[in-house]
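File shown: entry16.cif. Contents: mmCIF, C-alpha atoms.
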```
data_entry
#
loop_
_atom_site.label_atom_id
_atom_site.label_comp_id
_atom_site.auth_asym_id
_atom_site.auth_seq_id
_atom_site.Cartn_x
_atom_site.Cartn_y
_atom_site.Cartn_z
CA MET X 10 148.17 -164.60 -122.29
CA SER X 11 146.22 -161.40 -122.27
CA GLU X 12 147.03 -157.86 -123.24
CA ARG X 13 147.82 -157.28 -119.60
CA ASP X 14 150.46 -160.01 -119.77
CA VAL X 15 152.00 -158.39 -122.84
CA ASP X 16 152.23 -155.11 -120.94
CA ALA X 17 153.63 -156.95 -117.94
CA GLU X 18 156.37 -158.42 -120.09
CA LEU X 19 157.29 -155.01 -121.46
CA VAL X 20 157.20 -153.52 -117.96
CA ALA X 21 159.45 -156.32 -116.72
CA ARG X 22 161.91 -155.58 -119.48
CA VAL X 23 161.95 -151.88 -118.59
CA GLN X 24 162.40 -152.76 -114.92
CA ALA X 25 165.34 -154.91 -115.94
CA GLY X 26 166.97 -151.94 -117.64
CA ASP X 27 165.64 -152.13 -121.20
CA LYS X 28 164.68 -148.57 -122.05
CA GLN X 29 163.63 -149.53 -125.58
CA ALA X 30 160.77 -151.55 -124.19
CA PHE X 31 159.40 -148.34 -122.72
CA ASP X 32 159.21 -146.91 -126.27
CA LEU X 33 156.69 -149.59 -127.13
CA LEU X 34 154.56 -148.70 -124.12
CA VAL X 35 154.67 -145.03 -125.12
CA LEU X 36 153.69 -145.87 -128.70
CA LYS X 37 150.89 -148.09 -127.50
CA TYR X 38 149.33 -145.74 -124.98
CA GLN X 39 150.16 -142.26 -126.25
CA ARG X 40 146.82 -141.87 -128.04
CA LYS X 41 144.82 -142.82 -124.98
CA ILE X 42 146.86 -140.50 -122.78
CA MET X 43 146.68 -137.62 -125.25
CA ARG X 44 142.96 -138.07 -125.58
CA LEU X 45 142.59 -138.18 -121.80
CA LEU X 46 144.65 -135.02 -121.35
CA SER X 47 142.77 -133.21 -124.10
CA ARG X 48 139.77 -133.29 -121.79
CA MET X 49 141.65 -131.27 -119.23
CA ILE X 50 144.02 -129.09 -121.21
CA ARG X 51 143.10 -127.03 -124.22
CA ASP X 52 146.34 -126.34 -126.04
CA SER X 53 147.73 -129.25 -128.07
CA ALA X 54 151.37 -128.27 -127.45
CA GLU X 55 150.68 -128.21 -123.71
CA ILE X 56 148.96 -131.59 -123.96
CA GLU X 57 152.12 -133.02 -125.49
CA ASP X 58 154.25 -131.46 -122.75
CA VAL X 59 152.07 -132.91 -120.01
CA ALA X 60 151.92 -136.29 -121.77
CA GLN X 61 155.70 -136.34 -121.98
CA GLU X 62 155.97 -135.46 -118.29
CA ALA X 63 153.47 -138.17 -117.39
CA PHE X 64 155.41 -140.82 -119.30
CA ILE X 65 158.68 -139.74 -117.71
CA LYS X 66 157.10 -139.85 -114.24
CA ALA X 67 155.78 -143.31 -115.05
CA TYR X 68 159.23 -144.46 -116.11
CA ARG X 69 160.76 -143.18 -112.89
CA ALA X 70 158.04 -144.81 -110.81
CA LEU X 71 158.21 -148.16 -112.58
CA PRO X 72 160.44 -149.77 -109.92
CA GLN X 73 157.50 -149.33 -107.52
CA PHE X 74 154.98 -150.78 -109.96
CA ARG X 75 154.09 -154.25 -108.66
CA GLY X 76 151.43 -155.16 -111.17
CA GLU X 77 148.47 -155.20 -108.78
CA SER X 78 146.60 -153.16 -111.36
CA ALA X 79 146.87 -153.11 -115.13
CA PHE X 80 149.71 -150.97 -116.43
CA TYR X 81 147.31 -148.64 -118.21
CA THR X 82 145.22 -148.08 -115.06
CA TRP X 83 148.39 -147.12 -113.24
CA LEU X 84 149.60 -144.90 -116.09
CA TYR X 85 146.18 -143.29 -116.29
CA ARG X 86 146.38 -142.22 -112.63
CA ILE X 87 149.83 -140.76 -113.17
CA ALA X 88 148.60 -138.81 -116.20
CA ILE X 89 145.61 -137.44 -114.28
CA ASN X 90 147.78 -136.36 -111.35
CA THR X 91 150.36 -134.82 -113.67
CA ALA X 92 147.64 -132.85 -115.45
CA ARG X 93 146.12 -131.67 -112.17
CA ASN X 94 149.50 -130.54 -110.88
CA TRP X 95 150.16 -128.79 -114.15
CA LEU X 96 146.80 -127.03 -114.02
CA ALA X 97 147.46 -125.93 -110.45
CA ALA X 98 150.99 -124.75 -111.25
CA ASN X 99 149.71 -122.75 -114.21
CA LYS X 100 146.73 -121.43 -112.26
CA ARG X 101 144.25 -122.89 -114.66
CA ALA X 102 140.74 -123.76 -113.63
CA PRO X 103 140.69 -127.31 -112.33
CA SER X 104 138.26 -129.60 -114.08
CA ALA X 105 135.49 -131.43 -112.32
CA PRO X 106 137.03 -134.59 -110.83
CA SER X 107 133.98 -136.65 -111.65
CA ALA X 108 134.74 -136.24 -115.32
CA PHE X 109 138.12 -137.92 -114.95
CA GLU X 110 137.71 -140.56 -112.32
CA ASN X 111 136.83 -143.15 -114.87
CA GLU X 112 139.51 -145.79 -115.09
CA GLU X 113 139.49 -146.08 -118.87
CA GLY X 114 140.24 -142.88 -120.73
CA GLU X 115 138.20 -143.81 -123.76
CA THR X 116 134.94 -144.22 -121.91
CA PHE X 117 134.34 -140.56 -121.17
CA ASN X 118 130.92 -139.18 -121.69
CA GLU X 119 130.89 -136.50 -124.36
CA SER X 120 128.62 -134.34 -122.24
CA ASP X 121 131.38 -134.11 -119.65
CA VAL X 122 133.80 -132.49 -122.06
CA LEU X 123 135.15 -129.30 -120.56
CA THR X 124 138.03 -128.63 -122.88
CA ASP X 125 139.19 -130.33 -126.00
CA GLY X 126 142.63 -129.94 -127.46
CA SER X 127 141.52 -131.02 -130.91
CA ASN X 128 141.56 -128.63 -133.86
CA PRO X 129 139.80 -128.85 -137.24
CA GLU X 130 142.82 -130.48 -138.91
CA SER X 131 143.23 -133.16 -136.30
CA GLU X 132 139.46 -133.73 -136.23
CA MET X 133 139.52 -134.22 -139.99
CA ALA X 134 142.51 -136.58 -139.78
CA SER X 135 140.77 -138.58 -137.05
CA ARG X 136 137.60 -138.85 -139.09
CA GLN X 137 139.61 -140.01 -142.10
CA ILE X 138 141.36 -142.66 -140.06
CA ALA X 139 138.10 -143.93 -138.59
CA GLU X 140 136.40 -144.00 -141.99
CA THR X 141 139.36 -145.76 -143.61
CA VAL X 142 139.45 -148.43 -140.92
CA ASN X 143 135.71 -148.99 -141.14
CA LYS X 144 135.73 -149.18 -144.91
CA ALA X 145 138.74 -151.48 -144.96
CA ILE X 146 137.17 -153.83 -142.47
CA ASN X 147 133.93 -153.95 -144.44
CA ASP X 148 135.88 -154.85 -147.57
CA LEU X 149 137.66 -157.76 -145.90
CA PRO X 150 136.74 -161.34 -146.75
CA GLU X 151 134.36 -162.68 -144.14
CA GLU X 152 136.82 -165.03 -142.40
CA LEU X 153 139.38 -162.23 -141.99
CA ARG X 154 136.75 -159.78 -140.78
CA ASN X 155 135.36 -162.25 -138.24
CA ALA X 156 138.83 -163.07 -136.96
CA ILE X 157 139.89 -159.45 -136.43
CA VAL X 158 136.54 -158.50 -134.88
CA MET X 159 136.69 -161.42 -132.45
CA ARG X 160 140.20 -160.43 -131.46
CA GLU X 161 140.03 -156.63 -131.34
CA ILE X 162 136.44 -155.95 -130.36
CA ASP X 163 135.47 -159.07 -128.43
CA GLY X 164 138.94 -159.48 -126.94
CA MET X 165 138.99 -163.24 -127.55
CA SER X 166 142.20 -165.26 -127.31
CA TYR X 167 143.61 -167.12 -130.32
CA GLU X 168 142.54 -170.41 -128.75
CA ASP X 169 138.94 -169.24 -128.37
CA ILE X 170 138.86 -167.83 -131.89
CA ALA X 171 140.26 -171.08 -133.27
CA GLU X 172 137.56 -173.01 -131.45
CA SER X 173 134.86 -170.62 -132.59
CA MET X 174 136.01 -170.65 -136.23
CA ASN X 175 136.81 -174.35 -136.13
CA CYS X 176 140.31 -173.95 -137.50
CA PRO X 177 143.89 -174.32 -136.23
CA ILE X 178 145.52 -171.54 -134.20
CA GLY X 179 148.02 -171.02 -137.01
CA THR X 180 145.16 -170.13 -139.32
CA VAL X 181 143.80 -167.66 -136.78
CA ARG X 182 147.24 -166.08 -136.47
CA SER X 183 147.47 -165.77 -140.24
CA ARG X 184 143.94 -164.40 -140.66
CA ILE X 185 144.38 -161.75 -138.02
CA PHE X 186 147.70 -160.70 -139.52
CA ARG X 187 146.24 -160.53 -143.05
CA ALA X 188 143.29 -158.50 -141.80
CA ARG X 189 145.60 -156.08 -140.02
CA GLU X 190 147.86 -155.74 -143.02
CA ALA X 191 144.92 -155.11 -145.35
CA ILE X 192 143.70 -152.30 -143.09
CA ALA X 193 147.22 -150.98 -142.47
CA THR X 194 147.92 -150.79 -146.22
CA ARG X 195 145.07 -148.32 -146.55
CA LEU X 196 145.99 -146.43 -143.40
CA ARG X 197 149.69 -145.92 -144.06
CA PRO X 198 149.31 -143.18 -146.69
CA LEU X 199 147.25 -141.19 -144.16
CA LEU X 200 150.01 -141.58 -141.59
CA GLY X 201 152.79 -140.58 -143.96
CA ASP X 202 154.18 -144.11 -143.78
CA THR X 203 155.54 -145.51 -147.04
CA GLY X 204 155.10 -149.04 -145.80
CA LYS X 205 158.64 -150.02 -146.82
CA ARG X 206 160.12 -152.22 -144.15
CA ARG X 207 163.80 -152.49 -143.18
CA TRP X 208 164.15 -155.13 -140.53
CA MET V 7 176.67 -160.75 -179.36
CA LYS V 8 177.54 -157.93 -177.01
CA ASP V 9 173.93 -156.89 -176.95
CA GLN V 10 172.90 -160.43 -176.12
CA SER V 11 175.41 -160.56 -173.27
CA THR V 12 174.22 -157.22 -171.92
CA THR V 13 170.62 -158.37 -172.13
CA SER V 14 171.34 -161.61 -170.30
CA GLN V 15 173.29 -159.72 -167.62
CA ALA V 16 170.40 -157.32 -167.22
CA SER V 17 167.89 -160.11 -166.95
CA ALA V 18 170.08 -161.94 -164.43
CA SER V 19 170.36 -158.75 -162.41
CA SER V 20 166.63 -158.23 -162.65
CA LEU V 21 165.97 -161.81 -161.55
CA SER V 22 168.34 -161.36 -158.64
CA GLU V 23 166.53 -158.18 -157.63
CA ILE V 24 163.18 -159.93 -157.87
CA THR V 25 164.45 -162.84 -155.78
CA GLN V 26 165.96 -160.45 -153.25
CA SER V 27 162.78 -158.41 -153.18
CA SER V 28 160.74 -161.56 -152.73
CA ASP V 29 163.00 -162.71 -149.89
CA GLU V 30 162.71 -159.31 -148.21
CA LYS V 31 158.96 -159.41 -148.58
CA ASN V 32 158.81 -162.87 -147.04
CA THR V 33 161.05 -161.82 -144.17
CA SER V 34 159.07 -158.65 -143.67
CA GLU V 35 155.82 -160.59 -143.65
CA ALA V 36 157.17 -163.18 -141.23
CA VAL V 37 158.27 -160.44 -138.86
CA SER V 38 154.92 -158.68 -139.12
CA VAL V 39 153.07 -161.93 -138.44
CA THR V 40 155.19 -162.40 -135.32
CA ILE V 41 154.56 -158.84 -134.14
CA SER V 42 150.84 -159.24 -134.78
CA ALA V 43 150.69 -162.49 -132.83
CA TRP V 44 152.92 -161.32 -129.99
CA MET V 45 150.92 -158.17 -129.34
CA ASP V 46 147.84 -160.38 -128.99
CA GLY V 47 149.56 -162.46 -126.34
CA ASP V 48 149.92 -165.56 -128.49
CA GLU V 49 151.65 -168.14 -126.28
CA GLN V 50 153.61 -169.65 -129.15
CA THR V 51 155.24 -166.39 -130.17
CA THR V 52 158.29 -164.80 -128.64
CA LEU V 53 159.02 -161.10 -128.60
CA PRO V 54 160.64 -160.37 -131.97
CA SER V 55 163.84 -158.34 -131.81
CA GLU V 56 162.72 -156.50 -134.97
CA LEU V 57 160.08 -154.81 -132.84
CA PHE V 58 162.81 -152.49 -131.58
CA THR V 59 163.60 -151.12 -135.04
CA ASP V 60 161.93 -148.14 -136.70
CA SER V 61 159.97 -150.49 -138.94
CA GLY V 62 158.94 -152.53 -135.93
CA HIS V 63 157.77 -149.38 -134.17
CA ALA V 64 155.75 -148.34 -137.24
CA THR V 65 154.09 -151.75 -137.47
CA TRP V 66 153.38 -151.88 -133.73
CA GLN V 67 151.92 -148.40 -133.88
CA VAL V 68 149.66 -148.93 -136.88
CA TYR V 69 148.39 -152.28 -135.56
CA HIS V 70 147.49 -150.66 -132.25
CA LEU V 71 145.88 -147.75 -134.04
CA ILE V 72 143.65 -150.22 -135.88
CA GLY V 73 142.64 -151.94 -132.65
CA ASP V 74 142.03 -148.67 -130.79
CA THR V 75 139.97 -147.29 -133.67
CA LEU V 76 137.84 -150.41 -133.89
CA ARG V 77 137.12 -150.36 -130.16
CA THR V 78 136.86 -146.60 -129.73
CA PRO V 79 136.51 -144.34 -132.78
CA GLU V 80 137.57 -141.43 -130.54
CA LEU V 81 141.06 -142.88 -130.52
CA ALA V 82 141.46 -142.64 -134.28
CA LEU V 83 144.20 -140.11 -133.68
CA THR V 84 147.24 -139.46 -135.80
CA PRO V 85 150.15 -141.11 -133.99
CA GLN V 86 152.57 -138.67 -132.40
CA ALA V 87 155.96 -140.03 -133.40
CA ASP V 88 157.44 -136.88 -131.95
CA LEU V 89 156.16 -137.69 -128.47
CA ARG V 90 157.97 -141.04 -128.40
CA GLN V 91 161.17 -139.34 -129.53
CA ARG V 92 160.80 -136.63 -126.92
CA VAL V 93 160.24 -139.15 -124.15
CA ALA V 94 163.15 -141.28 -125.36
CA GLN V 95 165.37 -138.20 -125.52
CA ALA V 96 164.36 -137.14 -122.02
CA LEU V 97 165.10 -140.62 -120.71
CA LEU V 98 168.59 -140.70 -122.18
CA ASP V 99 170.00 -139.12 -119.03
CA GLU V 100 167.95 -141.34 -116.74
CA PRO V 101 169.72 -144.31 -115.20
CA ALA V 102 168.51 -147.67 -116.37
CA LEU V 103 165.95 -149.04 -113.96
CA SER V 104 167.82 -152.28 -113.37
CA GLN V 105 170.30 -150.33 -111.23
CA ALA V 106 167.49 -149.07 -109.04
CA VAL V 107 166.04 -152.54 -108.94
CA THR V 108 169.28 -154.25 -107.94
CA SER V 109 170.08 -151.63 -105.31
CA GLY V 110 166.63 -151.98 -103.73
CA ALA V 111 164.72 -155.04 -102.68
CA PRO V 112 165.43 -158.17 -104.72
CA ARG V 113 162.96 -158.62 -107.53
CA GLU V 114 162.14 -161.71 -109.47
CA ALA V 115 161.21 -159.78 -112.57
CA GLY V 116 164.64 -158.44 -113.33
CA ALA V 117 166.35 -161.80 -113.25
CA SER V 118 163.69 -163.54 -115.24
CA VAL V 119 163.65 -160.97 -117.98
CA LEU V 120 167.38 -160.99 -118.46
CA GLY V 121 167.06 -164.58 -119.53
CA LEU V 122 164.42 -163.81 -122.12
CA GLY V 123 164.80 -166.30 -124.90
CA ALA V 124 162.60 -168.97 -126.27
CA ALA V 125 159.83 -168.48 -123.82
CA ARG V 126 158.03 -165.42 -122.64
CA ALA V 127 159.72 -163.58 -119.82
CA LYS V 128 158.17 -163.92 -116.45
CA PRO V 129 156.24 -160.72 -115.85
CA ALA V 130 157.02 -158.49 -112.90
CA ILE V 131 153.52 -158.78 -111.59
CA GLN V 132 152.98 -160.72 -108.41
CA THR V 133 152.10 -164.29 -109.14
CA VAL V 134 149.48 -165.82 -106.89
CA THR V 135 150.68 -169.24 -105.81
CA PRO V 136 148.50 -171.59 -103.77
CA LEU V 137 150.76 -170.99 -100.75
CA SER V 138 150.50 -167.21 -100.97
CA LYS V 139 146.77 -167.55 -101.50
CA LEU V 140 146.52 -169.70 -98.36
CA LEU V 141 148.65 -167.21 -96.42
CA ARG V 142 146.59 -164.27 -97.57
CA ARG V 143 143.18 -165.82 -97.05
CA VAL V 144 143.63 -167.98 -93.95
CA VAL V 145 146.88 -167.58 -92.02
CA TRP V 146 147.22 -163.79 -91.87
CA PRO V 147 143.55 -163.16 -90.94
CA SER V 148 143.78 -165.86 -88.26
CA LEU V 149 146.93 -164.32 -86.80
CA ALA V 150 145.30 -160.89 -86.84
CA MET V 151 142.24 -162.21 -85.00
CA ALA V 152 144.41 -163.97 -82.41
CA ALA V 153 146.40 -160.78 -81.83
CA ALA V 154 143.19 -158.77 -81.41
CA ALA V 155 141.81 -161.30 -78.91
CA ALA V 156 145.09 -161.24 -76.95
CA ALA V 157 144.98 -157.45 -76.80
CA VAL V 158 141.40 -157.50 -75.47
CA VAL V 159 142.30 -160.07 -72.79
CA TRP V 160 145.35 -158.08 -71.74
CA VAL V 161 143.30 -154.90 -71.33
CA ALA V 162 140.32 -156.56 -69.67
CA ARG V 163 142.24 -158.86 -67.33
CA PRO V 164 142.06 -156.60 -64.24
CA LEU V 165 138.29 -156.29 -64.68
CA LEU V 166 137.78 -159.99 -65.24
CA ALA V 167 139.79 -160.97 -62.11
CA PRO V 168 138.89 -158.43 -59.36
CA GLU V 169 140.27 -160.61 -56.60
CA LEU V 170 143.70 -160.22 -58.10
CA SER V 171 143.51 -156.51 -58.75
CA ALA V 172 141.62 -155.26 -55.63
CA PRO V 173 144.54 -155.08 -53.16
CA SER V 174 146.70 -153.21 -55.58
CA VAL V 175 143.90 -150.73 -56.30
CA GLN V 176 143.32 -150.20 -52.59
CA ALA V 177 147.01 -149.71 -52.04
CA ALA V 178 147.12 -147.19 -54.85
CA LYS V 179 144.13 -145.38 -53.32
CA ALA V 180 145.85 -145.20 -49.95
CA ASN V 181 149.01 -143.95 -51.57
CA SER V 182 147.17 -141.23 -53.46
CA THR V 183 145.42 -140.10 -50.25
CA ASP V 184 148.77 -139.88 -48.53
CA VAL V 185 150.13 -137.81 -51.37
CA VAL V 186 147.14 -135.44 -51.27
CA ALA V 187 147.33 -135.17 -47.50
CA SER V 188 151.01 -134.51 -47.54
CA ASN V 189 150.50 -131.95 -50.31
CA LEU V 190 147.82 -130.19 -48.33
CA GLU V 191 150.10 -130.09 -45.37
CA SER V 192 152.76 -128.43 -47.36
CA SER V 193 152.84 -124.74 -46.45
CA VAL V 194 153.52 -123.67 -50.00
CA VAL V 195 150.47 -125.45 -51.30
CA ARG V 196 148.32 -124.22 -48.44
CA ASP V 197 149.33 -120.63 -49.15
CA TYR V 198 148.62 -121.14 -52.85
CA VAL V 199 145.14 -122.55 -52.18
CA THR V 200 144.34 -119.78 -49.76
CA ALA V 201 145.44 -117.13 -52.22
CA HIS V 202 143.40 -118.77 -54.96
CA ARG V 203 140.29 -118.85 -52.79
CA GLN V 204 140.67 -115.20 -52.00
CA LEU V 205 140.79 -114.31 -55.67
CA SER V 206 138.12 -116.57 -57.08
CA GLY V 207 135.96 -117.49 -54.15
CA PRO V 208 135.64 -120.92 -52.58
CA ALA V 209 133.04 -122.12 -55.09
CA ASN V 210 135.54 -121.99 -57.97
CA VAL V 211 138.08 -124.13 -56.24
CA ARG V 212 136.95 -127.68 -56.81
CA PRO V 213 137.63 -129.69 -53.65
CA ALA V 214 137.93 -132.87 -55.65
CA ALA V 215 141.07 -131.54 -57.27
CA PHE V 216 142.77 -131.70 -53.92
CA GLY V 217 141.09 -134.82 -52.66
CA ALA V 218 139.23 -132.81 -50.03
CA SER V 219 136.09 -134.83 -50.47
CA ARG V 220 137.84 -137.98 -49.34
#
```

Would you give me this structure, written as C-alpha cells?
Amino acid sequence: MSERDVDAELVARVQAGDKQAFDLLVLKYQRKIMRLLSRMIRDSAEIEDVAQEAFIKAYRALPQFRGESAFYTWLYRIAINTARNWLAANKRAPSAPSAFENEEGETFNESDVLTDGSNPESEMASRQIAETVNKAINDLPEELRNAIVMREIDGMSYEDIAESMNCPIGTVRSRIFRAREAIATRLRPLLGDTGKRRW
Amino acid sequence: MKDQSTTSQASASSLSEITQSSDEKNTSEAVSVTISAWMDGDEQTTLPSELFTDSGHATWQVYHLIGDTLRTPELALTPQADLRQRVAQALLDEPALSQAVTSGAPREAGASVLGLGAARAKPAIQTVTPLSKLLRRVVWPSLAMAAAAAAVVWVARPLLAPELSAPSVQAAKANSTDVVASNLESSVVRDYVTAHRQLSGPANVRPAAFGASR
C-alpha cells in the first residue's frame, strides 16, 4: 500500500457518499494547495477563497475521477485552473504558465515566484514550525529518527523499513508512531492544540 | 475516624481518576498508532473510525504537517482549520456523491467501499488485471490495425482491379458527356453562355467547365 492507495481509499469513500472522508483529503492537501495558489494570488483571504472553490470543484468532479493519475495531481490541475479562471474573472495579470506546469506544487523554483501570499507573521510561524520539527527530529533516539526518515523522506514501506532495520513490522509501526508523537508534542503548542484527545 | 474515611474516599477517587486517565491515555495512544500506521498505508491496519472525530482530524493534520515539513520546508505552514470548515459547510447542501454514482454508470468502487470492514476498501482506481492488460496491449491494437487495413483495401479496390472498374467508369464518362451535350443543347443554357461570353470575353469562359474540350 502506498500513499496513493490511501488517497484512493478516501476517494472511494467519498464517491460512495461519505462526505467526511473528503475532510481528510482537505486537511491533508490544503497546505500544498494554499502554497501553490500563493504563487499566483497575492492576498491571503483570496487564496483561501480560491482554495475553497478548488476543493468544492474537486468534490463535484470526483464521480469522474477514475484514478488514472494520483489524486493530488488531479487536484493540482483543478486548483491551477480555478486560479486561472479567478485571475481572468478579476482581470488580474495572468502568471507565466511555465511557473505552474510542474505537477508537484512543492517543487517550484524560488526564482519563478511572481506573487507570494505570505506575510511576516505567517513567515515567522512557518520558520518556527520548520525549526521545531528539525530540532525535534535531531533530538530523537537514533532508531526513531531512522525510522521516521526512512518513511517520510525516503518513502519506504513498513516492510522495507523492517527489513532495513532488521526488526518486526510491529516495531517499525511503534517507532514511527513514537517519533511522530515526540515531534507533535513540540509542535502542538505552536498550532494552538492542547494535545488533549477525546476519541 | 471521619477524617480517615474522607481520606480513604479521596484516595480511592484519586486512584480511580488515575486509572481512568491511564486507560484514556492507552486508548488515545492505540488510536494514534492506528492513525499513524493507516496513513502510511500499513496493510495490517484498517481505517480507524476515530479519524473522523475532531481529535482524529487534529492528529491526522499534525502528522501530515510533520511529513510535509520534513520533505519540503516550504510546506511548514500553519494548518487552516477554517478552510476545512468552510469547505465542509459549503458541501452541506451538495448531494452525496453516491447518488450521482448510482444514477450514472455502475461503479465497483461504491459497492466495495460500503462493505468497508476488516480489510481495506477496494479503491476506485482502475485495477489492471491480466485480461485487461492483454486486451489493451494486444487485442485492441490488432483490431485497430485490421480495421485500418480493411479501410485501405476498400478505398483502393477499384484501382487494384481495373478490369472490374473500367466498364463502369466508361459508362459514367458516356453518361456525363450526354448530360453536358444535353445541357449545351438547352436553349436556356446556350443563352446564358452567350451572355456570359459577351460580358467577359471568350477567354474567361473555361471550355472544360462545359465539357467543350471533349

*Given all atoms listed in the file as the counted atoms, nearest of V:Tyr69, V:Trp146, V:Trp160, V:Tyr198 to chain X*: V:Tyr69

*Determine, counting all atoms listed in the file, every residue of protein, DNA or RNA that lies within 12 Å of (138.4, -150.6, -140.8) in the file coordinates, then give the result as a PyMOL selection string.*
(chain X and resi 136-149+153-154+157-158+161-162+188-196) or (chain V and resi 69+71-79+82)

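This file, queried with the PyMOL selection byres ((chain X) within 6 of (chain V)), gives the residues X:Met10, X:Ser11, X:Val15, X:Ala17, X:Glu18, X:Ala21, X:Arg22, X:Gln24, X:Ala25, X:Gly26, X:Gln61, X:Arg75, X:Gly76, X:Ser135, X:Ile138, X:Ala139, X:Glu161, X:Ile162, X:Phe186, X:Arg206, X:Trp208.
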
_What's the separation between atom CA of Met174 of chain X and atom CA of Ala156 of chain X, in Å to one decimal place?_
8.1 Å

*Report the distance between atom CA of Lys66 of chain X and atom CA of Phe31 of chain X in Å, rounded to one decimal place.*
12.2 Å

*How many Å lie between atom CA of Arg187 of chain X and atom CA of Thr51 of chain V, rounded to one decimal?*
16.8 Å

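Minimum atom-to-atom distances from X:Ile87, X:Ala60, X:Glu12, X:Trp95 to Met165 of chain X were compared using only C-alpha atoms, and the lowest value belongs to X:Glu12.
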